[in-house]
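> Got a file for you: my_file.tsv, TSV, C-alpha atoms.
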```
chain	number	residue	atom	x	y	z
A	292	MET	CA	55.83	149.33	115.75
A	293	SER	CA	59.18	149.46	113.98
A	294	ALA	CA	59.46	151.44	110.78
A	295	SER	CA	59.57	149.48	107.52
A	296	PRO	CA	62.99	149.34	105.81
A	297	LYS	CA	63.67	152.28	103.50
A	298	LYS	CA	64.97	152.05	99.95
A	299	PRO	CA	68.60	153.03	99.34
A	300	SER	CA	69.41	155.92	97.02
A	301	LEU	CA	71.19	155.22	93.75
A	302	VAL	CA	74.56	156.34	95.16
A	303	GLN	CA	74.11	154.39	98.40
A	304	SER	CA	73.17	151.23	96.55
A	305	MET	CA	76.08	151.57	94.12
A	306	ALA	CA	78.53	152.00	97.00
A	307	LEU	CA	77.21	148.85	98.68
A	308	GLY	CA	77.25	146.98	95.38
A	309	GLY	CA	80.90	147.88	94.79
A	310	ALA	CA	81.82	146.83	98.33
A	311	ALA	CA	80.01	143.49	97.97
A	312	ALA	CA	81.68	142.77	94.62
A	313	SER	CA	85.17	143.72	95.87
A	314	PHE	CA	84.76	141.28	98.74
A	315	ALA	CA	83.52	138.44	96.53
A	316	VAL	CA	86.24	138.78	93.86
A	317	ASN	CA	88.96	137.74	96.32
A	318	PHE	CA	87.47	134.24	96.31
A	319	THR	CA	86.37	133.94	92.66
A	320	HIS	CA	89.34	135.53	90.85
A	321	PRO	CA	91.40	132.28	90.71
A	322	ILE	CA	88.47	130.51	89.03
A	323	GLU	CA	88.21	133.27	86.44
A	324	THR	CA	91.95	133.10	85.76
A	325	VAL	CA	91.58	129.38	84.97
A	326	LYS	CA	88.51	130.06	82.81
A	327	THR	CA	90.26	132.82	80.86
A	328	ARG	CA	93.35	130.68	80.20
A	329	MET	CA	91.19	127.77	79.07
A	330	GLN	CA	89.36	129.98	76.59
A	331	VAL	CA	92.62	131.25	75.13
A	332	SER	CA	94.55	127.95	75.04
A	333	GLY	CA	91.77	125.45	74.41
A	334	LEU	CA	93.27	123.15	77.07
A	335	GLY	CA	91.26	121.32	79.74
A	336	ILE	CA	90.67	122.47	83.28
A	337	ALA	CA	92.99	119.90	84.92
A	338	HIS	CA	95.93	120.75	82.63
A	339	THR	CA	95.37	124.50	83.05
A	340	VAL	CA	95.27	124.30	86.85
A	341	SER	CA	98.25	121.95	87.18
A	342	SER	CA	100.48	123.77	84.68
A	343	THR	CA	99.74	127.17	86.22
A	344	ALA	CA	100.49	125.94	89.73
A	345	LYS	CA	103.62	124.05	88.65
A	346	ASN	CA	105.16	126.69	86.39
A	347	GLU	CA	104.06	129.93	88.05
A	348	GLY	CA	103.09	129.06	91.60
A	349	ILE	CA	99.83	129.48	93.51
A	350	PRO	CA	99.95	133.33	93.52
A	351	ALA	CA	99.58	133.22	89.70
A	352	PHE	CA	95.87	132.43	90.13
A	353	TRP	CA	95.49	135.97	91.47
A	354	LYS	CA	97.26	137.67	88.56
A	355	GLY	CA	95.38	140.83	87.61
A	356	ILE	CA	93.61	141.13	90.96
A	357	ALA	CA	94.38	144.87	91.16
A	358	PHE	CA	92.56	145.42	87.86
A	359	ALA	CA	89.77	143.16	89.13
A	360	TYR	CA	89.25	145.48	92.11
A	361	GLY	CA	89.02	148.42	89.71
A	362	ARG	CA	86.49	146.51	87.63
A	363	GLU	CA	84.30	145.66	90.62
A	364	LEU	CA	84.37	149.24	91.95
A	365	SER	CA	83.35	150.61	88.55
A	366	TYR	CA	81.44	148.05	86.46
A	367	THR	CA	79.91	145.92	89.20
A	368	SER	CA	79.00	148.84	91.45
A	369	VAL	CA	76.69	149.95	88.64
A	370	LYS	CA	75.38	146.59	87.39
A	371	LEU	CA	74.76	145.20	90.90
A	372	GLY	CA	74.27	148.29	93.04
A	373	ALA	CA	72.18	150.33	90.62
A	374	TYR	CA	69.79	147.48	89.76
A	375	ALA	CA	67.26	147.90	92.58
A	376	PRO	CA	67.02	151.73	92.29
A	377	VAL	CA	66.69	151.55	88.47
A	378	ARG	CA	64.13	148.74	88.72
A	379	ASP	CA	62.09	150.79	91.20
A	380	MET	CA	62.34	153.90	89.00
A	381	MET	CA	60.87	151.81	86.17
A	382	GLY	CA	58.02	150.66	88.41
A	383	ALA	CA	59.09	147.01	88.16
A	384	GLY	CA	57.85	145.94	91.58
A	385	LYS	CA	57.17	142.49	93.00
A	386	ASP	CA	54.37	141.61	90.57
A	387	ALA	CA	55.76	143.44	87.52
A	388	PRO	CA	56.29	141.56	84.22
A	389	PHE	CA	59.59	139.70	84.04
A	390	TYR	CA	60.77	141.69	81.01
A	391	LEU	CA	60.88	144.91	83.04
A	392	LYS	CA	63.25	143.31	85.55
A	393	PHE	CA	65.36	141.93	82.71
A	394	LEU	CA	65.41	145.41	81.12
A	395	ALA	CA	66.54	147.02	84.38
A	396	GLY	CA	69.37	144.48	84.58
A	397	ALA	CA	70.34	145.05	80.94
A	398	ILE	CA	70.47	148.83	81.39
A	399	THR	CA	72.65	148.76	84.49
A	400	GLY	CA	74.87	146.03	83.05
A	401	GLY	CA	75.38	147.88	79.76
A	402	VAL	CA	76.22	151.20	81.42
A	403	GLY	CA	78.57	149.53	83.89
A	404	SER	CA	80.45	147.68	81.15
A	405	VAL	CA	81.36	150.91	79.36
A	406	ILE	CA	82.77	152.37	82.58
A	407	GLY	CA	84.68	149.21	83.52
A	408	ASN	CA	85.98	148.15	80.08
A	409	PRO	CA	89.56	149.44	80.57
A	410	PHE	CA	89.91	147.38	83.76
A	411	ASP	CA	88.49	144.33	81.95
A	412	VAL	CA	91.06	144.64	79.15
A	413	MET	CA	94.02	144.99	81.50
A	414	LYS	CA	92.76	142.22	83.79
A	415	THR	CA	92.49	139.80	80.85
A	416	LEU	CA	96.02	140.59	79.65
A	417	ALA	CA	97.41	140.16	83.18
A	418	GLN	CA	95.61	136.84	83.70
A	419	THR	CA	96.87	135.31	80.45
A	420	ASN	CA	100.45	136.45	81.00
A	421	LYS	CA	102.39	133.29	81.87
A	422	GLY	CA	105.67	135.05	82.52
A	423	THR	CA	106.71	137.24	85.42
A	424	SER	CA	103.93	139.62	86.42
A	425	ALA	CA	104.57	143.02	84.89
A	426	PRO	CA	104.07	146.15	87.02
A	427	LEU	CA	100.67	147.81	86.58
A	428	THR	CA	102.26	150.98	85.24
A	429	GLU	CA	104.14	148.98	82.59
A	430	LEU	CA	101.02	147.16	81.40
A	431	VAL	CA	99.02	150.37	81.19
A	432	GLY	CA	101.93	152.26	79.61
A	433	ASN	CA	102.45	149.63	76.91
A	434	MET	CA	98.77	149.66	75.99
A	435	TYR	CA	98.65	153.45	75.76
A	436	ARG	CA	101.90	153.59	73.77
A	437	ASP	CA	100.80	150.96	71.22
A	438	GLN	CA	97.08	151.70	70.82
A	439	GLY	CA	96.25	154.91	72.64
A	440	ILE	CA	93.04	155.41	74.63
A	441	LEU	CA	91.05	153.27	72.19
A	442	GLY	CA	93.16	150.26	73.18
A	443	PHE	CA	91.50	150.28	76.59
A	444	TYR	CA	88.13	149.96	74.85
A	445	ARG	CA	88.97	146.99	72.63
A	446	GLY	CA	86.10	144.51	72.74
A	447	VAL	CA	83.73	147.12	74.17
A	448	GLU	CA	80.92	146.11	71.78
A	449	VAL	CA	80.85	142.49	72.89
A	450	ASN	CA	81.45	143.54	76.48
A	451	ILE	CA	78.31	145.68	76.39
A	452	MET	CA	76.32	142.83	74.85
A	453	ARG	CA	77.75	140.39	77.39
A	454	ALA	CA	76.98	142.71	80.29
A	455	CYS	CA	73.41	143.34	79.14
A	456	VAL	CA	72.71	139.61	78.76
A	457	LEU	CA	74.59	138.70	81.96
A	458	ASN	CA	72.97	141.26	84.22
A	459	ALA	CA	69.51	140.86	82.71
A	460	THR	CA	69.76	137.12	83.39
A	461	LYS	CA	71.46	137.45	86.78
A	462	MET	CA	69.29	140.12	88.36
A	463	GLY	CA	66.10	139.18	86.51
A	464	VAL	CA	66.30	135.47	87.34
A	465	TYR	CA	67.42	136.24	90.91
A	466	ASP	CA	64.56	138.68	91.46
A	467	ILE	CA	61.94	136.35	89.96
A	468	SER	CA	63.38	133.25	91.68
A	469	LYS	CA	63.05	134.91	95.08
A	470	GLY	CA	59.31	135.14	94.54
A	471	TYR	CA	59.02	131.48	93.56
A	472	VAL	CA	61.29	130.33	96.39
A	473	CYS	CA	59.28	132.33	98.95
A	474	ASP	CA	55.99	130.89	97.66
A	475	ALA	CA	57.34	127.33	97.59
A	476	THR	CA	59.08	127.32	100.97
A	477	GLY	CA	57.42	130.00	103.04
A	478	TRP	CA	60.82	131.63	103.68
A	479	ALA	CA	60.98	135.41	103.97
A	480	ARG	CA	62.24	137.35	100.96
A	481	LYS	CA	65.26	138.61	102.92
A	482	ASP	CA	66.05	135.20	104.46
A	483	VAL	CA	69.61	134.11	103.66
A	484	LYS	CA	68.28	130.73	102.44
A	485	THR	CA	66.07	132.52	99.91
A	486	ALA	CA	68.98	134.63	98.67
A	487	PHE	CA	71.35	131.65	98.45
A	488	THR	CA	68.90	129.44	96.52
A	489	SER	CA	67.88	132.22	94.14
A	490	ALA	CA	71.49	133.26	93.50
A	491	PHE	CA	72.54	129.68	92.69
A	492	ILE	CA	69.68	129.36	90.19
A	493	ALA	CA	70.67	132.68	88.61
A	494	GLY	CA	74.29	131.51	88.33
A	495	PHE	CA	73.34	128.51	86.18
A	496	PHE	CA	71.17	130.50	83.75
A	497	MET	CA	73.85	133.20	83.53
A	498	THR	CA	76.36	130.60	82.35
A	499	CYS	CA	74.01	129.31	79.63
A	500	THR	CA	73.30	132.74	78.17
A	501	VAL	CA	76.65	134.48	78.65
A	502	SER	CA	79.26	131.85	77.68
A	503	PRO	CA	79.42	132.76	73.93
A	504	PHE	CA	79.81	136.47	74.69
A	505	ASP	CA	82.40	135.70	77.35
A	506	ARG	CA	84.45	133.57	74.93
A	507	LEU	CA	84.48	136.29	72.24
A	508	ARG	CA	85.22	139.02	74.78
A	509	THR	CA	88.27	137.10	76.02
A	510	ALA	CA	89.55	136.64	72.44
A	511	LEU	CA	89.14	140.34	71.63
A	512	MET	CA	90.68	141.60	74.86
A	513	ASN	CA	93.59	139.14	74.76
A	514	GLN	CA	94.99	140.50	71.50
A	515	PRO	CA	98.61	141.70	71.90
A	516	THR	CA	98.92	145.41	72.59
A	517	ASP	CA	100.97	145.85	69.39
A	518	LYS	CA	98.85	143.67	67.11
A	519	LYS	CA	95.23	143.59	65.93
A	520	ILE	CA	93.93	140.09	65.14
A	521	TYR	CA	90.19	140.80	64.89
A	522	ASN	CA	88.28	143.67	63.31
A	523	GLY	CA	85.54	143.81	65.90
A	524	PHE	CA	82.88	141.49	67.28
A	525	THR	CA	81.52	140.05	64.02
A	526	ASP	CA	84.96	139.27	62.61
A	527	CYS	CA	85.97	137.61	65.88
A	528	ALA	CA	82.78	135.51	65.97
A	529	VAL	CA	83.19	134.37	62.34
A	530	LYS	CA	86.88	133.49	62.73
A	531	THR	CA	86.31	131.68	66.04
A	532	ILE	CA	83.46	129.53	64.69
A	533	LYS	CA	85.36	128.85	61.47
A	534	SER	CA	88.50	127.82	63.34
A	535	ASP	CA	87.11	126.00	66.38
A	536	GLY	CA	83.47	125.23	65.60
A	537	PHE	CA	80.19	126.66	66.91
A	538	LEU	CA	80.27	124.76	70.20
A	539	SER	CA	83.65	126.32	71.01
A	540	LEU	CA	81.66	129.42	72.01
A	541	TRP	CA	80.78	127.49	75.16
A	542	ARG	CA	84.41	126.51	75.82
A	543	GLY	CA	85.13	126.77	79.53
A	544	PHE	CA	81.47	126.24	80.48
A	545	VAL	CA	82.30	124.37	83.70
A	546	PRO	CA	84.77	126.93	85.09
A	547	ILE	CA	82.47	129.75	83.99
A	548	TRP	CA	79.65	128.16	85.98
A	549	ALA	CA	82.09	127.39	88.80
A	550	ARG	CA	82.83	131.11	88.87
A	551	PHE	CA	79.36	132.51	88.20
A	552	ALA	CA	77.50	130.41	90.76
A	553	PRO	CA	79.68	131.30	93.79
A	554	GLN	CA	80.31	134.83	92.51
A	555	ALA	CA	76.62	135.59	92.07
A	556	THR	CA	75.88	133.95	95.41
A	557	LEU	CA	78.63	135.82	97.27
A	558	GLN	CA	77.83	139.16	95.66
A	559	LEU	CA	74.09	138.90	96.23
A	560	LEU	CA	74.37	137.52	99.77
A	561	THR	CA	76.85	140.26	100.66
A	562	ILE	CA	74.81	143.12	99.22
A	563	GLU	CA	71.66	141.76	100.91
A	564	PHE	CA	73.62	141.61	104.18
A	565	LEU	CA	74.80	145.20	103.72
A	566	TYR	CA	71.28	146.33	102.80
A	567	THR	CA	70.02	144.82	106.06
A	568	LYS	CA	72.85	146.30	108.16
A	569	PHE	CA	72.16	149.77	106.81
A	570	GLY	CA	68.40	149.39	107.31
A	571	PHE	CA	67.51	149.16	103.61
A	572	LYS	CA	64.84	147.05	101.94
A	573	SER	CA	66.15	143.85	100.32
A	574	ILE	CA	66.32	143.43	96.53
```
Here is a file; write its structure as C-alpha coordinates.


Amino acid sequence: MSASPKKPSLVQSMALGGAAASFAVNFTHPIETVKTRMQVSGLGIAHTVSSTAKNEGIPAFWKGIAFAYGRELSYTSVKLGAYAPVRDMMGAGKDAPFYLKFLAGAITGGVGSVIGNPFDVMKTLAQTNKGTSAPLTELVGNMYRDQGILGFYRGVEVNIMRACVLNATKMGVYDISKGYVCDATGWARKDVKTAFTSAFIAGFFMTCTVSPFDRLRTALMNQPTDKKIYNGFTDCAVKTIKSDGFLSLWRGFVPIWARFAPQATLQLLTIEFLYTKFGFKSI
(Lines of atoms letter the chains of each structure in order from A and count residues from 1; the text may use other names and numbers.)
(Lines give C-alpha, C1' and ligand atoms only; values in the text may rest on other atoms or scores of the structure.)
Protein backbone atom coordinates (compact mmCIF):
# COMPACT_ATOMS: atom_id res chain seq x y z
CA MET A 1 0.00 0.00 0.00
CA SER A 2 1.41 3.39 -0.96
CA ALA A 3 2.24 5.84 1.78
CA SER A 4 -0.16 8.74 2.32
CA PRO A 5 1.09 12.15 1.13
CA LYS A 6 3.15 14.01 3.71
CA LYS A 7 2.68 17.63 4.72
CA PRO A 8 5.25 20.16 3.47
CA SER A 9 7.33 22.12 5.96
CA LEU A 10 6.82 25.86 6.25
CA VAL A 11 9.92 26.61 4.15
CA GLN A 12 9.03 24.02 1.50
CA SER A 13 5.49 25.32 1.19
CA MET A 14 6.64 28.94 0.98
CA ALA A 15 9.12 28.06 -1.79
CA LEU A 16 6.37 26.34 -3.78
CA GLY A 17 3.98 29.22 -3.13
CA GLY A 18 6.50 31.74 -4.45
CA ALA A 19 7.14 29.62 -7.54
CA ALA A 20 3.41 29.24 -8.24
CA ALA A 21 2.80 32.99 -7.85
CA SER A 22 5.78 33.96 -10.04
CA PHE A 23 4.42 31.75 -12.80
CA ALA A 24 0.88 33.11 -12.54
CA VAL A 25 1.87 36.81 -12.52
CA ASN A 26 3.19 36.60 -16.09
CA PHE A 27 -0.40 36.17 -17.27
CA THR A 28 -2.25 38.44 -14.82
CA HIS A 29 0.12 41.45 -14.67
CA PRO A 30 -1.40 43.20 -17.74
CA ILE A 31 -4.86 43.00 -16.14
CA GLU A 32 -3.52 44.56 -12.94
CA THR A 33 -1.84 47.35 -14.90
CA VAL A 34 -5.21 48.22 -16.46
CA LYS A 35 -6.93 48.02 -13.06
CA THR A 36 -4.33 50.26 -11.41
CA ARG A 37 -4.55 52.89 -14.16
CA MET A 38 -8.35 52.87 -13.99
CA GLN A 39 -8.27 53.47 -10.24
CA VAL A 40 -5.91 56.41 -10.64
CA SER A 41 -7.52 58.04 -13.70
CA GLY A 42 -11.18 57.20 -13.18
CA LEU A 43 -11.46 56.27 -16.89
CA GLY A 44 -13.25 53.19 -18.21
CA ILE A 45 -11.67 49.89 -19.10
CA ALA A 46 -12.01 50.28 -22.89
CA HIS A 47 -10.39 53.75 -22.90
CA THR A 48 -7.59 52.61 -20.58
CA VAL A 49 -6.74 49.57 -22.69
CA SER A 50 -6.92 51.37 -26.04
CA SER A 51 -4.97 54.46 -24.93
CA THR A 52 -2.24 52.37 -23.31
CA ALA A 53 -1.83 50.18 -26.39
CA LYS A 54 -1.95 53.15 -28.80
CA ASN A 55 0.35 55.53 -26.92
CA GLU A 56 2.80 53.15 -25.24
CA GLY A 57 2.57 49.86 -27.10
CA ILE A 58 1.68 46.36 -25.94
CA PRO A 59 4.81 45.93 -23.74
CA ALA A 60 3.46 48.76 -21.52
CA PHE A 61 0.96 46.31 -20.00
CA TRP A 62 3.95 44.57 -18.41
CA LYS A 63 5.44 47.72 -16.88
CA GLY A 64 6.68 46.96 -13.37
CA ILE A 65 6.89 43.20 -13.95
CA ALA A 66 10.33 43.04 -12.30
CA PHE A 67 8.88 44.50 -9.11
CA ALA A 68 5.93 42.11 -9.47
CA TYR A 69 8.33 39.15 -9.40
CA GLY A 70 9.87 40.55 -6.22
CA ARG A 71 6.42 40.93 -4.72
CA GLU A 72 5.40 37.36 -5.54
CA LEU A 73 8.65 35.89 -4.17
CA SER A 74 8.24 37.81 -0.91
CA TYR A 75 4.60 38.66 -0.16
CA THR A 76 2.85 35.84 -1.99
CA SER A 77 5.31 33.14 -0.94
CA VAL A 78 4.16 33.86 2.62
CA LYS A 79 0.43 34.49 2.08
CA LEU A 80 -0.03 31.51 -0.27
CA GLY A 81 2.76 29.12 0.69
CA ALA A 82 2.58 29.55 4.46
CA TYR A 83 -1.20 29.16 4.66
CA ALA A 84 -1.44 25.37 4.89
CA PRO A 85 1.39 24.97 7.46
CA VAL A 86 0.01 27.82 9.62
CA ARG A 87 -3.53 26.45 9.34
CA ASP A 88 -2.31 23.02 10.43
CA MET A 89 -0.32 24.52 13.32
CA MET A 90 -3.56 26.15 14.49
CA GLY A 91 -5.38 22.82 14.29
CA ALA A 92 -7.78 24.11 11.62
CA GLY A 93 -8.34 20.79 9.87
CA LYS A 94 -11.05 19.69 7.47
CA ASP A 95 -13.94 20.07 9.93
CA ALA A 96 -12.59 23.09 11.84
CA PRO A 97 -14.72 26.25 12.20
CA PHE A 98 -14.47 28.59 9.22
CA TYR A 99 -13.10 31.45 11.34
CA LEU A 100 -9.92 29.50 12.09
CA LYS A 101 -9.21 29.12 8.36
CA PHE A 102 -9.96 32.81 7.83
CA LEU A 103 -7.62 33.66 10.72
CA ALA A 104 -4.82 31.55 9.24
CA GLY A 105 -5.26 33.40 5.94
CA ALA A 106 -5.30 36.79 7.66
CA ILE A 107 -2.10 36.03 9.59
CA THR A 108 -0.12 34.89 6.56
CA GLY A 109 -1.50 37.70 4.41
CA GLY A 110 -0.66 40.38 6.98
CA VAL A 111 2.89 39.15 7.55
CA GLY A 112 3.51 38.79 3.82
CA SER A 113 2.29 42.32 3.09
CA VAL A 114 4.86 43.88 5.43
CA ILE A 115 7.67 41.98 3.71
CA GLY A 116 6.45 42.77 0.19
CA ASN A 117 5.34 46.40 0.65
CA PRO A 118 8.43 47.99 -0.98
CA PHE A 119 7.87 45.93 -4.14
CA ASP A 120 4.17 46.90 -4.12
CA VAL A 121 5.02 50.61 -3.95
CA MET A 122 7.55 50.47 -6.78
CA LYS A 123 5.30 48.25 -8.92
CA THR A 124 2.41 50.72 -8.59
CA LEU A 125 4.61 53.68 -9.58
CA ALA A 126 6.00 51.76 -12.57
CA GLN A 127 2.54 50.69 -13.75
CA THR A 128 1.09 54.21 -13.65
CA ASN A 129 4.08 55.77 -15.40
CA LYS A 130 2.85 56.64 -18.91
CA GLY A 131 6.20 57.86 -20.17
CA THR A 132 9.30 55.90 -21.07
CA SER A 133 9.98 53.15 -18.54
CA ALA A 134 12.60 54.32 -16.07
CA PRO A 135 15.42 51.94 -15.07
CA LEU A 136 14.79 50.05 -11.83
CA THR A 137 17.79 51.66 -10.17
CA GLU A 138 16.48 55.14 -11.04
CA LEU A 139 13.01 54.45 -9.61
CA VAL A 140 14.43 53.02 -6.41
CA GLY A 141 17.06 55.78 -6.17
CA ASN A 142 14.50 58.56 -6.57
CA MET A 143 12.28 57.09 -3.86
CA TYR A 144 15.17 56.72 -1.42
CA ARG A 145 16.47 60.22 -2.19
CA ASP A 146 13.09 61.91 -1.72
CA GLN A 147 11.56 59.92 1.15
CA GLY A 148 14.17 57.58 2.57
CA ILE A 149 13.40 54.03 3.70
CA LEU A 150 9.94 55.05 4.93
CA GLY A 151 8.96 55.89 1.37
CA PHE A 152 9.03 52.20 0.52
CA TYR A 153 6.48 51.61 3.27
CA ARG A 154 3.95 54.24 2.22
CA GLY A 155 0.47 52.76 2.40
CA VAL A 156 1.66 49.88 4.59
CA GLU A 157 -1.32 50.23 6.96
CA VAL A 158 -3.93 49.77 4.25
CA ASN A 159 -1.76 47.14 2.57
CA ILE A 160 -1.77 45.07 5.76
CA MET A 161 -5.55 45.46 6.09
CA ARG A 162 -6.01 44.61 2.41
CA ALA A 163 -3.77 41.56 2.67
CA CYS A 164 -5.51 40.26 5.80
CA VAL A 165 -8.96 40.62 4.21
CA LEU A 166 -7.78 39.31 0.82
CA ASN A 167 -5.98 36.23 2.08
CA ALA A 168 -8.58 35.41 4.72
CA THR A 169 -11.24 35.50 1.99
CA LYS A 170 -9.12 33.78 -0.66
CA MET A 171 -7.71 30.90 1.35
CA GLY A 172 -10.69 30.58 3.70
CA VAL A 173 -13.31 30.50 0.93
CA TYR A 174 -11.10 28.25 -1.21
CA ASP A 175 -10.55 25.80 1.64
CA ILE A 176 -14.22 25.72 2.63
CA SER A 177 -15.44 25.60 -0.99
CA LYS A 178 -13.34 22.50 -1.66
CA GLY A 179 -15.32 20.67 1.00
CA TYR A 180 -18.67 21.73 -0.46
CA VAL A 181 -17.57 20.98 -4.03
CA CYS A 182 -16.35 17.51 -3.04
CA ASP A 183 -19.62 16.75 -1.23
CA ALA A 184 -21.75 18.05 -4.11
CA THR A 185 -19.88 16.42 -6.98
CA GLY A 186 -18.06 13.45 -5.53
CA TRP A 187 -14.76 14.76 -6.93
CA ALA A 188 -11.58 14.15 -4.94
CA ARG A 189 -10.20 17.05 -2.91
CA LYS A 190 -7.03 17.14 -5.03
CA ASP A 191 -8.89 16.81 -8.35
CA VAL A 192 -8.07 19.70 -10.69
CA LYS A 193 -11.81 20.31 -11.24
CA THR A 194 -12.28 20.77 -7.49
CA ALA A 195 -9.37 23.22 -7.30
CA PHE A 196 -10.54 25.19 -10.36
CA THR A 197 -14.15 25.53 -9.17
CA SER A 198 -13.15 26.46 -5.62
CA ALA A 199 -10.56 28.99 -6.81
CA PHE A 200 -13.07 30.72 -9.12
CA ILE A 201 -15.56 31.03 -6.25
CA ALA A 202 -12.82 32.46 -4.01
CA GLY A 203 -11.88 34.98 -6.72
CA PHE A 204 -15.38 36.49 -6.76
CA PHE A 205 -15.64 36.88 -2.98
CA MET A 206 -12.11 38.31 -2.85
CA THR A 207 -13.16 41.07 -5.25
CA CYS A 208 -16.21 41.98 -3.14
CA THR A 209 -14.27 42.30 0.11
CA VAL A 210 -10.95 43.69 -1.12
CA SER A 211 -11.91 46.35 -3.70
CA PRO A 212 -12.15 49.30 -1.23
CA PHE A 213 -8.77 48.47 0.32
CA ASP A 214 -7.25 48.00 -3.12
CA ARG A 215 -8.51 51.40 -4.29
CA LEU A 216 -7.08 53.21 -1.24
CA ARG A 217 -3.80 51.30 -1.43
CA THR A 218 -3.35 52.38 -5.06
CA ALA A 219 -4.02 56.03 -4.16
CA LEU A 220 -1.52 55.97 -1.29
CA MET A 221 1.20 54.17 -3.21
CA ASN A 222 0.79 56.29 -6.34
CA GLN A 223 1.72 59.54 -4.60
CA PRO A 224 4.72 61.23 -6.27
CA THR A 225 8.04 60.40 -4.63
CA ASP A 226 8.60 64.11 -3.86
CA LYS A 227 5.09 64.93 -2.65
CA LYS A 228 2.75 63.72 0.10
CA ILE A 229 -0.95 64.00 -0.77
CA TYR A 230 -2.47 61.89 2.01
CA ASN A 231 -1.66 61.64 5.71
CA GLY A 232 -2.30 57.93 6.02
CA PHE A 233 -5.19 55.54 5.48
CA THR A 234 -7.98 57.50 7.21
CA ASP A 235 -7.14 60.77 5.46
CA CYS A 236 -7.01 58.98 2.10
CA ALA A 237 -10.37 57.28 2.71
CA VAL A 238 -12.07 60.54 3.75
CA LYS A 239 -10.67 62.54 0.82
CA THR A 240 -11.49 59.80 -1.70
CA ILE A 241 -15.11 59.44 -0.55
CA LYS A 242 -15.54 63.22 -0.34
CA SER A 243 -14.14 63.74 -3.83
CA ASP A 244 -15.49 60.72 -5.73
CA GLY A 245 -18.28 59.27 -3.59
CA PHE A 246 -18.54 56.09 -1.50
CA LEU A 247 -19.09 53.77 -4.46
CA SER A 248 -15.80 54.95 -5.98
CA LEU A 249 -14.13 52.58 -3.50
CA TRP A 250 -15.26 49.80 -5.84
CA ARG A 251 -13.91 51.56 -8.94
CA GLY A 252 -12.28 49.02 -11.21
CA PHE A 253 -14.40 46.14 -9.86
CA VAL A 254 -14.55 44.33 -13.22
CA PRO A 255 -10.79 44.37 -13.92
CA ILE A 256 -10.10 43.52 -10.28
CA TRP A 257 -12.32 40.46 -10.63
CA ALA A 258 -10.84 39.77 -14.06
CA ARG A 259 -7.46 39.69 -12.33
CA PHE A 260 -8.40 37.98 -9.07
CA ALA A 261 -10.35 35.10 -10.60
CA PRO A 262 -7.63 33.89 -13.01
CA GLN A 263 -4.84 34.83 -10.60
CA ALA A 264 -6.35 32.89 -7.71
CA THR A 265 -7.12 30.01 -10.05
CA LEU A 266 -3.63 29.94 -11.59
CA GLN A 267 -1.85 30.32 -8.26
CA LEU A 268 -3.91 27.67 -6.49
CA LEU A 269 -3.88 25.20 -9.40
CA THR A 270 -0.11 25.63 -9.73
CA ILE A 271 0.67 25.20 -6.04
CA GLU A 272 -1.64 22.16 -5.88
CA PHE A 273 0.21 20.74 -8.91
CA LEU A 274 3.57 21.37 -7.24
CA TYR A 275 2.32 19.85 -3.97
CA THR A 276 1.34 16.71 -5.88
CA LYS A 277 4.64 16.54 -7.83
CA PHE A 278 6.65 16.77 -4.63
CA GLY A 279 4.46 14.18 -2.89
CA PHE A 280 2.77 16.61 -0.49
CA LYS A 281 -0.81 16.61 0.76
CA SER A 282 -3.11 19.08 -1.05
CA ILE A 283 -4.40 22.23 0.66

> Between A:Ala486, A:Met413, A:Leu507, A:Leu427, which has the minimum distance to A:Arg542 (counting all atoms listed in the file)?

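Checking each of A:Ala486, A:Met413, A:Leu507, A:Leu427 against A:Arg542, counting all atoms listed in the file, the winner is A:Leu507.
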
> Taking only C-alpha atoms into account, name the residue in A:Ile520, A:Ile547, A:Ile562, A:Val412 that is nearest to A:Ser368.

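Smallest distance to A:Ser368 is found for A:Ile562.
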
> Nearest residue to A:Leu307 out of A:Lys370, A:His320, A:Arg445, A:Lys326, using only C-alpha atoms?

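Of all the options, A:Lys370 lies closest to A:Leu307.
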
> Just checking: using all atoms listed in the file, which residue out of A:Asp474, A:Asp517, A:Glu429, A:Asp505 ends up closest to A:Leu540?

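With all atoms listed in the file as the atom set, the closest residue is A:Asp505.
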
> Between atom CA of A:Ser502 and atom CA of A:Pro409, what distance in Å does the model show, to one decimal?

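Separation between atom CA of A:Ser502 and atom CA of A:Pro409: 20.6 Å.
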
> Pick from A:Gln330, A:Thr423, A:Thr488, A:Ser341: nearest to A:Arg508, with all atoms listed in the file counted?

A:Gln330

> Between atom CA of A:Gly355 and atom CA of A:Phe487, what is the distance, to one decimal in Å?

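Atom CA of A:Phe487 lies at a distance of 27.9 Å from atom CA of A:Gly355.
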
> Which one is closest to A:Arg506: A:Thr319, A:Gln418, A:Asn450, A:Thr460? Count all atoms listed in the file.

A:Asn450

> Would you mind listing what lies within 12 Å of A:Thr567 as a count of residues only, with all atoms listed in the file counted and same-chain residues fewer than 2 positions away left out?

23

> Go ahead and compute the interatomic distance for atom CA of A:Leu457 and atom CA of A:Ala490, in Å to one decimal.

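Interatomic distance here is 13.1 Å.
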
> Residues near stretch 331-334 of chain A, anyone? I mean within 9 Å using all atoms listed in the file, not counting same-chain ones fewer than 2 positions away, as an mmCIF file with C-alpha atoms, in the frame of the given file.


```cif
data_model
loop_
_atom_site.group_PDB
_atom_site.id
_atom_site.type_symbol
_atom_site.label_atom_id
_atom_site.label_comp_id
_atom_site.auth_asym_id
_atom_site.auth_seq_id
_atom_site.Cartn_x
_atom_site.Cartn_y
_atom_site.Cartn_z
ATOM 1 C CA LYS A 326 88.510 130.060 82.810
ATOM 2 C CA THR A 327 90.260 132.820 80.860
ATOM 3 C CA ARG A 328 93.350 130.680 80.200
ATOM 4 C CA MET A 329 91.190 127.770 79.070
ATOM 5 C CA ILE A 336 90.670 122.470 83.280
ATOM 6 C CA ALA A 337 92.990 119.900 84.920
ATOM 7 C CA HIS A 338 95.930 120.750 82.630
ATOM 8 C CA THR A 339 95.370 124.500 83.050
ATOM 9 C CA THR A 419 96.870 135.310 80.450
ATOM 10 C CA ARG A 506 84.450 133.570 74.930
ATOM 11 C CA THR A 509 88.270 137.100 76.020
ATOM 12 C CA ALA A 510 89.550 136.640 72.440
ATOM 13 C CA ASN A 513 93.590 139.140 74.760
ATOM 14 C CA SER A 539 83.650 126.320 71.010
ATOM 15 C CA ARG A 542 84.410 126.510 75.820
ATOM 16 C CA GLY A 543 85.130 126.770 79.530
#
```

> I want to know what sits within 9 Å of A:Cys499, based on all atoms listed in the file, with residues of the same chain fewer than 6 positions away left out; could you give that as JSON, numbers by chain?

{"A": [541, 544, 548]}

> Identify, on the basis of only C-alpha atoms, every residue whose closest approach to A:Ala315 does not exceed 8 Å; exclude the query and any residue fewer than 5 positions from it along the same chain; express the result as a count of residues only.

3

> Write out as a list of chain:residue names which residues come within 9 Å of A:Gly396 when counting all atoms listed in the file, dropping same-chain ones fewer than 6 positions away.

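Within the cut-off, the hits are A:Lys370, A:Leu371, A:Ala373, A:Tyr374, A:Ala375, A:Val377, A:Arg378, A:Ala454, A:Cys455, A:Val456, A:Leu457, A:Asn458, A:Ala459, A:Thr460, A:Lys461, A:Met462, A:Gly463.
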